[in-house]
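Participant: Coordinates in start-v1.tsv, TSV, C-alpha atoms and all ligand atoms, are listed below.
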```tsv
chain	number	residue	atom	x	y	z
A	1	MET	CA	-24.82	-5.97	-3.65
A	2	LYS	CA	-22.15	-7.77	-1.65
A	3	HIS	CA	-21.03	-7.77	1.96
A	4	ILE	CA	-17.34	-6.94	1.95
A	5	LEU	CA	-14.78	-6.97	4.76
A	6	VAL	CA	-11.86	-4.56	4.46
A	7	THR	CA	-9.17	-5.21	7.06
A	8	GLY	CA	-6.92	-2.22	7.59
A	9	GLY	CA	-9.96	-0.27	6.44
A	10	ALA	CA	-9.03	2.79	8.51
A	11	GLY	CA	-5.65	3.16	6.81
A	12	PHE	CA	-4.73	5.41	3.89
A	13	LEU	CA	-5.62	2.95	1.14
A	14	GLY	CA	-8.14	0.93	3.15
A	15	SER	CA	-10.33	3.94	3.90
A	16	HIS	CA	-10.47	4.98	0.26
A	17	LEU	CA	-11.23	1.42	-0.73
A	18	CYS	CA	-14.11	1.30	1.80
A	19	GLU	CA	-15.51	4.53	0.38
A	20	ARG	CA	-15.34	3.35	-3.24
A	21	LEU	CA	-17.07	0.08	-2.33
A	22	LEU	CA	-19.79	1.96	-0.42
A	23	ASP	CA	-20.25	4.23	-3.44
A	24	GLN	CA	-20.77	1.11	-5.55
A	25	GLY	CA	-23.65	0.17	-3.23
A	26	HIS	CA	-22.02	-2.63	-1.24
A	27	ASN	CA	-22.25	-3.28	2.47
A	28	VAL	CA	-18.79	-2.67	3.86
A	29	THR	CA	-17.34	-3.72	7.19
A	30	CYS	CA	-14.08	-2.04	8.15
A	31	LEU	CA	-11.86	-3.91	10.59
A	32	ASP	CA	-8.96	-1.98	12.11
A	33	ASN	CA	-7.05	-1.73	15.39
A	34	TYR	CA	-5.79	1.81	14.60
A	35	TYR	CA	-2.14	0.78	14.84
A	36	THR	CA	-1.32	3.03	11.90
A	37	GLY	CA	-4.82	3.70	10.62
A	38	SER	CA	-7.01	6.26	12.32
A	39	LYS	CA	-10.66	6.85	13.00
A	40	ALA	CA	-10.28	10.26	11.36
A	41	ASN	CA	-9.78	8.48	8.02
A	42	ILE	CA	-13.22	6.89	8.19
A	43	SER	CA	-15.17	9.51	10.12
A	44	ARG	CA	-16.71	10.85	6.89
A	45	PHE	CA	-18.62	7.63	6.36
A	46	ILE	CA	-19.20	6.34	9.89
A	47	GLY	CA	-22.99	6.20	10.17
A	48	ARG	CA	-23.48	5.90	6.42
A	49	ASN	CA	-25.93	3.24	5.29
A	50	GLY	CA	-24.21	-0.08	4.71
A	51	PHE	CA	-21.07	0.76	6.70
A	52	SER	CA	-20.04	-1.03	9.88
A	53	LEU	CA	-16.91	-1.04	11.97
A	54	ILE	CA	-15.07	-3.71	13.95
A	55	GLU	CA	-12.31	-2.40	16.20
A	56	GLN	CA	-9.95	-5.33	16.57
A	57	SER	CA	-6.67	-6.75	15.37
A	58	VAL	CA	-6.40	-9.37	12.63
A	59	LEU	CA	-4.24	-11.24	15.13
A	60	ASP	CA	-7.46	-12.18	16.92
A	61	PRO	CA	-9.79	-14.60	15.17
A	62	VAL	CA	-12.20	-12.84	12.82
A	63	ASP	CA	-15.83	-13.93	12.44
A	64	GLY	CA	-18.68	-13.03	10.12
A	65	GLN	CA	-20.13	-13.97	6.75
A	66	TYR	CA	-18.70	-11.98	3.87
A	67	ASP	CA	-18.69	-12.40	0.10
A	68	GLU	CA	-15.27	-10.80	-0.22
A	69	ILE	CA	-12.35	-9.99	2.07
A	70	TYR	CA	-9.71	-7.38	1.21
A	71	ASN	CA	-6.76	-7.85	3.57
A	72	LEU	CA	-4.91	-4.54	3.86
A	73	ALA	CA	-4.05	-4.89	7.55
A	74	SER	CA	-0.38	-4.06	8.07
A	75	PRO	CA	1.82	-1.11	8.86
A	76	ALA	CA	3.34	-0.16	5.50
A	77	SER	CA	5.89	2.65	5.73
A	78	PRO	CA	9.45	1.64	6.69
A	79	PRO	CA	9.54	3.67	9.96
A	80	HIS	CA	6.20	2.23	11.00
A	81	TYR	CA	6.80	-1.40	10.10
A	82	GLN	CA	10.27	-1.27	11.65
A	83	ALA	CA	8.99	0.26	14.91
A	84	ASP	CA	7.80	-3.16	16.13
A	85	PRO	CA	9.11	-5.71	13.63
A	86	ILE	CA	7.76	-8.73	15.49
A	87	PHE	CA	4.27	-7.26	15.46
A	88	THR	CA	4.65	-6.47	11.74
A	89	PHE	CA	5.68	-10.02	10.91
A	90	LYS	CA	2.89	-11.51	13.02
A	91	THR	CA	0.31	-9.20	11.49
A	92	SER	CA	1.19	-10.38	7.99
A	93	VAL	CA	1.51	-14.06	8.71
A	94	ILE	CA	-0.94	-14.74	11.55
A	95	GLY	CA	-3.36	-12.06	10.36
A	96	THR	CA	-3.50	-13.55	6.86
A	97	LEU	CA	-3.82	-17.04	8.34
A	98	ASN	CA	-6.84	-15.94	10.40
A	99	LEU	CA	-8.49	-14.41	7.35
A	100	LEU	CA	-7.76	-17.46	5.21
A	101	GLU	CA	-9.43	-19.59	7.87
A	102	LEU	CA	-12.46	-17.29	7.70
A	103	ALA	CA	-12.46	-17.55	3.89
A	104	ARG	CA	-12.17	-21.35	4.04
A	105	ARG	CA	-15.00	-21.68	6.59
A	106	THR	CA	-17.39	-19.32	4.87
A	107	GLY	CA	-16.52	-19.53	1.15
A	108	ALA	CA	-15.50	-15.87	0.92
A	109	LYS	CA	-13.15	-14.72	-1.82
A	110	ILE	CA	-9.99	-13.12	-0.41
A	111	LEU	CA	-7.65	-10.50	-1.85
A	112	GLN	CA	-4.26	-10.13	-0.23
A	113	ALA	CA	-2.50	-6.75	-0.32
A	114	SER	CA	1.03	-7.83	-1.06
A	115	THR	CA	3.83	-5.52	-2.00
A	116	SER	CA	6.68	-4.67	-4.34
A	117	GLU	CA	8.87	-5.30	-1.29
A	118	ILE	CA	8.61	-9.02	-1.92
A	119	TYR	CA	11.08	-8.37	-4.78
A	120	GLY	CA	13.57	-6.94	-2.24
A	121	ASP	CA	16.50	-5.17	-3.91
A	122	PRO	CA	15.70	-6.55	-7.35
A	123	HIS	CA	18.18	-7.88	-9.89
A	124	VAL	CA	15.49	-7.92	-12.58
A	125	HIS	CA	14.18	-4.64	-13.90
A	126	PRO	CA	11.36	-3.76	-14.29
A	127	GLN	CA	9.91	-6.33	-11.90
A	128	ARG	CA	7.65	-8.97	-13.43
A	129	GLU	CA	5.48	-11.13	-11.22
A	130	ASP	CA	7.42	-14.27	-12.12
A	131	TYR	CA	10.61	-12.82	-10.61
A	132	TRP	CA	11.29	-14.44	-7.23
A	133	GLY	CA	13.09	-11.47	-5.73
A	134	ASN	CA	16.25	-10.71	-3.82
A	135	VAL	CA	15.35	-10.34	-0.16
A	136	ASN	CA	17.60	-10.21	2.89
A	137	THR	CA	16.03	-12.57	5.44
A	138	ILE	CA	17.66	-10.94	8.49
A	139	GLY	CA	17.72	-7.21	7.79
A	140	ILE	CA	15.66	-4.37	9.17
A	141	ARG	CA	13.16	-4.57	6.27
A	142	SER	CA	12.79	-8.34	6.54
A	143	CYS	CA	9.87	-8.23	8.99
A	144	TYR	CA	7.78	-6.63	6.27
A	145	ASP	CA	9.26	-8.32	3.19
A	146	GLU	CA	9.34	-11.83	4.62
A	147	GLY	CA	6.01	-11.36	6.40
A	148	LYS	CA	4.38	-10.44	3.10
A	149	ARG	CA	6.17	-13.28	1.30
A	150	GLY	CA	4.97	-15.70	3.98
A	151	ALA	CA	1.44	-14.38	3.56
A	152	GLU	CA	1.62	-15.05	-0.19
A	153	THR	CA	2.81	-18.60	0.55
A	154	LEU	CA	-0.17	-19.18	2.85
A	155	ILE	CA	-2.58	-17.75	0.30
A	156	TYR	CA	-1.50	-20.23	-2.38
A	157	ASP	CA	-1.34	-23.15	0.04
A	158	TYR	CA	-4.95	-22.43	1.04
A	159	GLN	CA	-5.86	-22.26	-2.63
A	160	ARG	CA	-4.19	-25.63	-3.34
A	161	MET	CA	-5.29	-27.42	-0.15
A	162	HIS	CA	-8.74	-25.95	0.44
A	163	GLY	CA	-9.78	-24.44	-2.87
A	164	VAL	CA	-10.03	-20.92	-1.44
A	165	ASN	CA	-10.71	-18.30	-4.13
A	166	VAL	CA	-7.70	-15.96	-3.87
A	167	ARG	CA	-6.33	-12.78	-5.39
A	168	VAL	CA	-2.91	-11.23	-4.75
A	169	VAL	CA	-2.07	-7.64	-5.60
A	170	ARG	CA	1.55	-6.50	-5.34
A	171	ILE	CA	1.27	-2.83	-4.54
A	172	PHE	CA	4.04	-0.44	-5.58
A	173	ASN	CA	4.66	2.96	-3.94
A	174	THR	CA	1.36	4.81	-3.71
A	175	TYR	CA	0.61	8.38	-2.61
A	176	GLY	CA	-2.22	10.86	-2.50
A	177	PRO	CA	-4.52	12.85	-0.25
A	178	GLY	CA	-5.29	10.96	2.95
A	179	MET	CA	-1.73	9.75	3.59
A	180	ASN	CA	-0.61	10.08	7.16
A	181	PRO	CA	1.57	13.21	7.10
A	182	GLU	CA	3.84	11.59	9.68
A	183	ASP	CA	4.13	8.32	7.88
A	184	GLY	CA	7.79	8.93	7.04
A	185	ARG	CA	7.58	8.03	3.37
A	186	VAL	CA	9.32	10.00	0.74
A	187	VAL	CA	6.37	11.76	-0.91
A	188	SER	CA	4.84	12.97	2.36
A	189	ASN	CA	8.25	13.89	3.83
A	190	PHE	CA	9.31	15.95	0.80
A	191	ILE	CA	6.00	17.80	0.44
A	192	ILE	CA	5.81	18.66	4.14
A	193	GLN	CA	9.47	19.69	4.28
A	194	ALA	CA	9.01	21.91	1.21
A	195	LEU	CA	5.85	23.50	2.62
A	196	ARG	CA	7.66	24.27	5.88
A	197	GLY	CA	10.77	25.58	4.12
A	198	GLU	CA	12.85	22.83	5.72
A	199	ASP	CA	15.62	20.89	3.98
A	200	LEU	CA	14.44	17.95	1.89
A	201	THR	CA	16.08	14.83	3.30
A	202	ILE	CA	17.48	12.70	0.49
A	203	TYR	CA	18.68	9.35	1.80
A	204	GLY	CA	21.85	8.29	0.02
A	205	ASP	CA	22.74	10.02	-3.25
A	206	GLY	CA	19.11	10.13	-4.42
A	207	GLN	CA	19.87	8.02	-7.50
A	208	GLN	CA	17.70	5.14	-6.24
A	209	THR	CA	14.41	4.95	-8.11
A	210	ARG	CA	10.76	4.45	-7.27
A	211	SER	CA	7.57	4.54	-9.36
A	212	PHE	CA	4.75	6.47	-7.75
A	213	CYS	CA	1.13	5.49	-8.26
A	214	TYR	CA	-1.73	7.83	-7.48
A	215	ARG	CA	-4.17	6.52	-4.85
A	216	ASP	CA	-7.29	6.41	-7.05
A	217	ASP	CA	-5.50	4.53	-9.82
A	218	LEU	CA	-4.39	1.94	-7.31
A	219	ILE	CA	-7.85	1.50	-5.76
A	220	GLU	CA	-9.31	1.01	-9.24
A	221	GLY	CA	-6.73	-1.70	-9.98
A	222	ILE	CA	-7.41	-3.53	-6.71
A	223	ILE	CA	-11.18	-3.57	-7.26
A	224	ARG	CA	-10.72	-4.79	-10.82
A	225	LEU	CA	-8.50	-7.59	-9.58
A	226	MET	CA	-11.06	-8.72	-6.99
A	227	ASN	CA	-13.72	-8.79	-9.71
A	228	ALA	CA	-11.56	-10.45	-12.37
A	229	PRO	CA	-12.44	-13.97	-13.55
A	230	ASP	CA	-11.42	-16.73	-11.16
A	231	HIS	CA	-8.45	-17.84	-13.23
A	232	VAL	CA	-6.76	-14.50	-12.44
A	233	SER	CA	-5.62	-15.86	-9.11
A	234	PHE	CA	-1.91	-15.29	-9.76
A	235	PRO	CA	-0.09	-12.25	-8.31
A	236	VAL	CA	-0.62	-8.99	-10.20
A	237	ASN	CA	1.57	-5.90	-9.92
A	238	ILE	CA	-0.37	-2.68	-9.52
A	239	GLY	CA	1.74	0.46	-9.71
A	240	ASN	CA	2.83	3.22	-12.02
A	241	PRO	CA	5.53	2.08	-14.45
A	242	VAL	CA	7.03	5.57	-14.83
A	243	GLU	CA	10.25	5.57	-12.83
A	244	PHE	CA	11.82	8.56	-11.07
A	245	THR	CA	15.00	8.95	-9.07
A	246	ILE	CA	14.43	10.24	-5.56
A	247	ARG	CA	16.42	13.36	-6.49
A	248	GLU	CA	14.08	13.98	-9.46
A	249	LEU	CA	11.10	13.69	-7.10
A	250	ALA	CA	12.69	16.20	-4.71
A	251	GLU	CA	13.34	18.65	-7.54
A	252	LEU	CA	9.78	18.30	-8.84
A	253	VAL	CA	8.30	18.92	-5.38
A	254	LEU	CA	10.50	22.01	-4.90
A	255	GLU	CA	9.50	23.38	-8.29
A	256	MET	CA	5.78	22.77	-7.70
A	257	ILE	CA	5.75	24.28	-4.23
A	258	ASP	CA	8.17	27.07	-5.14
A	259	SER	CA	9.93	26.47	-1.86
A	260	PRO	CA	13.20	27.96	-0.61
A	261	SER	CA	14.12	24.56	0.85
A	262	LYS	CA	17.43	22.92	-0.04
A	263	LEU	CA	18.31	19.31	-0.67
A	264	VAL	CA	20.44	17.54	1.96
A	265	ASN	CA	21.85	14.05	1.84
A	266	LEU	CA	21.46	11.69	4.79
A	267	PRO	CA	22.73	8.11	5.09
A	268	LEU	CA	20.92	5.50	3.03
A	269	PRO	CA	19.00	3.07	5.28
A	270	GLN	CA	20.13	-0.57	5.26
A	271	ASP	CA	18.76	-2.70	2.39
A	272	ASP	CA	17.06	0.26	0.71
A	273	PRO	CA	16.18	-1.03	-2.80
A	274	THR	CA	18.19	0.75	-5.50
A	275	GLN	CA	15.65	0.40	-8.31
A	276	ARG	CA	11.95	-0.30	-8.35
A	277	CYS	CA	9.51	-0.22	-11.24
A	278	PRO	CA	6.58	-2.52	-11.96
A	279	ASP	CA	6.06	-4.43	-15.17
A	280	ILE	CA	2.28	-4.06	-15.49
A	281	THR	CA	1.74	-6.30	-18.52
A	282	ARG	CA	-0.44	-8.68	-16.47
A	283	ALA	CA	-2.63	-5.87	-15.15
A	284	ARG	CA	-3.03	-4.48	-18.67
A	285	GLU	CA	-3.87	-7.86	-20.17
A	286	HIS	CA	-6.06	-9.37	-17.47
A	287	LEU	CA	-7.66	-6.31	-15.86
A	288	GLY	CA	-7.55	-3.80	-18.70
A	289	TRP	CA	-5.90	-1.55	-16.12
A	290	GLU	CA	-3.18	1.02	-16.26
A	291	PRO	CA	-2.66	4.19	-14.26
A	292	THR	CA	-4.03	7.41	-15.69
A	293	THR	CA	-2.58	9.97	-13.28
A	294	PRO	CA	0.93	11.26	-14.03
A	295	LEU	CA	3.07	12.15	-11.01
A	296	ARG	CA	2.78	15.92	-11.49
A	297	GLU	CA	-1.01	15.72	-11.66
A	298	GLY	CA	-1.18	13.50	-8.56
A	299	LEU	CA	1.11	15.82	-6.64
A	300	GLU	CA	-1.16	18.74	-7.58
A	301	LYS	CA	-3.92	16.93	-5.68
A	302	ALA	CA	-1.73	15.81	-2.79
A	303	ILE	CA	-0.02	19.12	-2.02
A	304	PRO	CA	-3.20	21.03	-0.93
A	305	TYR	CA	-4.08	18.09	1.33
A	306	PHE	CA	-0.70	18.20	3.08
A	307	ARG	CA	-0.90	22.01	3.29
A	308	HIS	CA	-4.23	21.62	5.06
A	309	CYS	CA	-2.76	18.98	7.40
A	310	ILE	CA	0.03	21.22	8.61
A	311	GLU	CA	-2.17	24.32	8.84
A	312	SER	CA	-4.91	22.50	10.72
A	313	PRO	CA	-3.62	20.80	13.87
A	314	ALA	CA	-7.19	19.56	14.35
A	315	ILE	CA	-6.49	16.81	11.81
A	316	PRO	CA	-5.46	13.91	13.98
A	317	SER	CA	-2.77	11.81	12.46
A	318	ALA	CA	-1.92	8.24	13.24
A	319	ARG	CA	1.21	6.92	14.87
A	320	LYS	CA	4.24	9.16	14.62
A	321	ALA	CA	7.08	7.79	12.54
B	401	LIG	N1	13.61	8.51	1.14
B	401	LIG	C1	14.33	9.68	1.13
B	401	LIG	N2	13.99	10.65	2.01
B	401	LIG	C2	12.95	10.53	2.89
B	401	LIG	C3	12.21	9.32	2.89
B	401	LIG	C4	12.57	8.33	2.01
B	401	LIG	O1	15.28	9.85	0.34
B	401	LIG	O2	12.69	11.47	3.65
B	401	LIG	C5	13.98	7.47	0.16
B	401	LIG	C6	14.13	6.06	0.75
B	401	LIG	O3	15.45	5.87	1.21
B	401	LIG	C7	13.79	5.20	-0.45
B	401	LIG	C8	12.75	6.03	-1.21
B	401	LIG	O4	12.91	7.36	-0.76
B	401	LIG	O5	14.92	5.04	-1.28
B	401	LIG	C9	11.33	5.58	-0.96
B	401	LIG	O6	11.16	5.49	0.44
B	401	LIG	P1	9.74	5.26	1.10
B	401	LIG	O7	9.97	5.20	2.57
B	401	LIG	O8	8.77	6.26	0.61
B	401	LIG	O9	9.24	3.85	0.55
B	401	LIG	P2	9.95	2.46	0.23
B	401	LIG	O10	9.84	2.35	-1.24
B	401	LIG	O11	11.38	2.49	0.65
B	401	LIG	O12	9.17	1.47	1.00
```
With the file now loaded, output its structure as structure tokens.
Ligand code: UDP
Facilitator:
Amino acid sequence: MKHILVTGGAGFLGSHLCERLLDQGHNVTCLDNYYTGSKANISRFIGRNGFSLIEQSVLDPVDGQYDEIYNLASPASPPHYQADPIFTFKTSVIGTLNLLELARRTGAKILQASTSEIYGDPHVHPQREDYWGNVNTIGIRSCYDEGKRGAETLIYDYQRMHGVNVRVVRIFNTYGPGMNPEDGRVVSNFIIQALRGEDLTIYGDGQQTRSFCYRDDLIEGIIRLMNAPDHVSFPVNIGNPVEFTIRELAELVLEMIDSPSKLVNLPLPQDDPTQRCPDITRAREHLGWEPTTPLREGLEKAIPYFRHCIESPAIPSARKA
């Protein structure tokens, strides 16, 4: 049994990670400032044996003795991370620095939640971990992309300088029950629009692609990475390698919900990546991991959750996009 810190533990992925680790019998401390996470996400296990909560930002120094630290603290959807870009950048860079200091002082192993966004608008397809990316340093997505890139730089400098035991997961688009319905991302937007009979908002021509990973597959991959042998300290992509255009996603959602909604095209946001798909060879080889939930099956689980969210105003949601 380990004592594990999950920063961003009240977010969509963080809360499910906390629950899986509790189910495995570990002591879990969730640290969150509720910037985009919410107490509602963790209410089902507040009070459970082995669970504790620290309500603070990773921008403030973090104390405690942990065996493992999962750093998931960051706003993650474009509308949220762009709402206060300076805060987003600081959260990635200063937050990771604070946690690396904690890891260095106490000998904890640290896993950094990085992102497919570090590849920017990629020129290499699918994206392998040894691709350095194509990122605009001064655009509206840069606060997130460059913040996460800077965090990766710090992680490996702490490994080289101080021998910190590190893991880096590059997370590709993930969805599932528990997402903030107002998070502004494409899966939640389309499902909610279809359920309400509103137009589905396709940004651009909808030919841009994404690869959607179901929540539980992703959590499994992250936990396997943390528990992999120490030489697996290089970045590992975790995502679903089956690629869809955004228009295909919209059509699938409409078919599954049997909605009268129509598709409308809105302007494409600046620097929106045109293609994104993970090469998961490393995850397959080193973690024995690959996703097992096809998009249709994952949407079958997500749709009832979003239906419940819009029918039950009692479900508090985090920050509005
Ligand atoms: N998108 C869209 N309609 C929406 C929300 C997003 O067409 O209502 C597009 C967005 O422009 C991007 C893709 O869907 O090309 C994925 O966007 P999301 O915000 O989910 O995540 P990203 O991969 O951009 O971080």
Participant: One decimal, in Å: what's the spacing between atom CA of A:Ile54 and atom CA of A:Arg215?
Facilitator: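 Interatomic distance, atom CA of A:Ile54 to atom CA of A:Arg215: 24.0 Å.
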Participant: Would you mind listing what lies within 6 Å of A:Ile110 as a PyMOL selection string, with all atoms listed in the file counted and same-chain residues fewer than 3 positions away left out?
Facilitator: chain A and resi 68-70+166
Participant: Output C-alpha atoms of each residue in that selection to a file, as a CSV table (one decimal), in the frame of the given file.
Facilitator:
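And here's out38.csv as it stands now:
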```csv
chain,number,residue,atom,x,y,z
A,68,GLU,CA,-15.3,-10.8,-0.2
A,69,ILE,CA,-12.4,-10.0,2.1
A,70,TYR,CA,-9.7,-7.4,1.2
A,166,VAL,CA,-7.7,-16.0,-3.9
```
Participant: Collect all residues with atoms no farther than 6 Å from ligand LIG 401 (chain B), counting all atoms listed in the file, and output them as an MDAnalysis selection string.
Facilitator: chainID A and resid 77:78 173 185:186 189 201:203 208 246 268 272
Participant: Find the nearest atom pair between each residue of stretch 201-295 of chain A and stretch 118-136 of chain A for residues within 6 Å, count all atoms listed in the file, give distances in Å to one decimal, sort rows by chain and ascending number, and present the table as CSV.
Facilitator:
```
residue,atom,partner,partner_atom,distance
A:Pro273,CA,A:Asp121,CA,4.3
A:Cys277,CA,A:Pro126,CA,5.0
A:Pro278,CA,A:Gln127,CA,5.1
A:Asp279,CA,A:Arg128,CA,5.1
```
Participant: May I ask which of the residues A:Ile222, A:Ile140, A:Ile257, A:Ile155 is the closest one to A:Phe190, counting all atoms listed in the file?
Facilitator: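 Closest residue, counting all atoms listed in the file: A:Ile257.
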Participant: Using only C-alpha atoms, what table do you get, as a tab-separated table, when you list each residue of stretch 96-200 of chain A with an atom no more than 10 Å from stretch 248-253 of chain A, its nearest pair of atoms, and their distance in Å rounded to one decimal, rows by chain then rising number?
Facilitator:
```
residue	atom	partner	partner_atom	distance
A:Val186	CA	A:Leu249	CA	8.8
A:Val187	CA	A:Leu249	CA	8.0
A:Asn189	CA	A:Ala250	CA	9.9
A:Phe190	CA	A:Ala250	CA	6.5
A:Ile191	CA	A:Val253	CA	6.4
A:Ile192	CA	A:Val253	CA	9.8
A:Gln193	CA	A:Val253	CA	9.8
A:Ala194	CA	A:Val253	CA	7.3
A:Leu195	CA	A:Val253	CA	9.5
A:Leu200	CA	A:Ala250	CA	7.0
```
Participant: Please provide the set of residues having any atom within 12 Å of A:Gly139, restricted to only C-alpha atoms, with same-chain residues fewer than 5 positions apart removed, written as a PyMOL selection string.
Facilitator: chain A and resi 82+85+120-121+144-146+269-272
Participant: Mind pulling up the distance from atom CA of A:Asn33 to atom CA of A:Phe45?
Facilitator: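 Going from atom CA of A:Phe45 over to atom CA of A:Asn33 covers 17.4 Å.
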Participant: Near A:Phe89, within 10 Å and counting all atoms listed in the file, which residues show up once chain neighbours fewer than 5 positions away are dropped, as a JSON list (two decimals) with C-alpha atoms, in the coordinates of the input?
Facilitator:
```json
[["chain", "number", "residue", "atom", "x", "y", "z"],
["A", 74, "SER", "CA", -0.38, -4.06, 8.07],
["A", 75, "PRO", "CA", 1.82, -1.11, 8.86],
["A", 81, "TYR", "CA", 6.80, -1.40, 10.10],
["A", 82, "GLN", "CA", 10.27, -1.27, 11.65],
["A", 84, "ASP", "CA", 7.80, -3.16, 16.13],
["A", 94, "ILE", "CA", -0.94, -14.74, 11.55],
["A", 95, "GLY", "CA", -3.36, -12.06, 10.36],
["A", 142, "SER", "CA", 12.79, -8.34, 6.54],
["A", 143, "CYS", "CA", 9.87, -8.23, 8.99],
["A", 144, "TYR", "CA", 7.78, -6.63, 6.27],
["A", 145, "ASP", "CA", 9.26, -8.32, 3.19],
["A", 146, "GLU", "CA", 9.34, -11.83, 4.62],
["A", 147, "GLY", "CA", 6.01, -11.36, 6.40],
["A", 148, "LYS", "CA", 4.38, -10.44, 3.10],
["A", 150, "GLY", "CA", 4.97, -15.70, 3.98],
["A", 151, "ALA", "CA", 1.44, -14.38, 3.56]]
```
Participant: Measuring between all atoms listed in the file, which one of A:Arg149, A:Lys39, A:Lys90, A:Arg282 shows the shortest distance to A:Leu59?
Facilitator: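 For A:Leu59, the nearest of the given residues is A:Lys90.
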Participant: Grab the atom CA of A:Pro235 to atom CA of A:Arg167 distance for me, in Å with one decimal place.
Facilitator: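 Between atom CA of A:Pro235 and atom CA of A:Arg167 the gap is 6.9 Å.
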Participant: Check the smallest atom-to-atom distance from each of A:Leu21, A:Leu72, A:Ala10, A:Ala83 to A:Ser43 using only C-alpha atoms, then report the winner.
Facilitator: A:Ala10
Participant: Under the rule that only C-alpha atoms are counted, which of A:Leu263, A:Val168, A:Arg224, A:Ser233 is the nearest residue to A:Gly197?
Facilitator: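 Among the listed residues, the smallest separation from A:Gly197 belongs to A:Leu263.
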Participant: Of the candidates A:Asp183, A:Glu290, A:Asp217, A:Glu300, which shows the shortest atom-to-atom distance to A:Thr36, using all atoms listed in the file?
Facilitator: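 Nearest to A:Thr36: A:Asp183.
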Participant: Counting all atoms listed in the file, figure out which residue out of A:Pro79, A:Gly239, A:Gly163, A:Pro61 gets nearest to A:Arg104.
Facilitator: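 Ranking A:Pro79, A:Gly239, A:Gly163, A:Pro61 by distance to A:Arg104, first place goes to A:Gly163.
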Participant: Counting all atoms listed in the file, select every polymer residue within 10 Å of (-2.2, 7.6, 0.6) as defined in the file's coordinates, and provide the selection as a PyMOL selection string.
Facilitator: chain A and resi 11-16+173-181+183+187-188+213-216+218+302
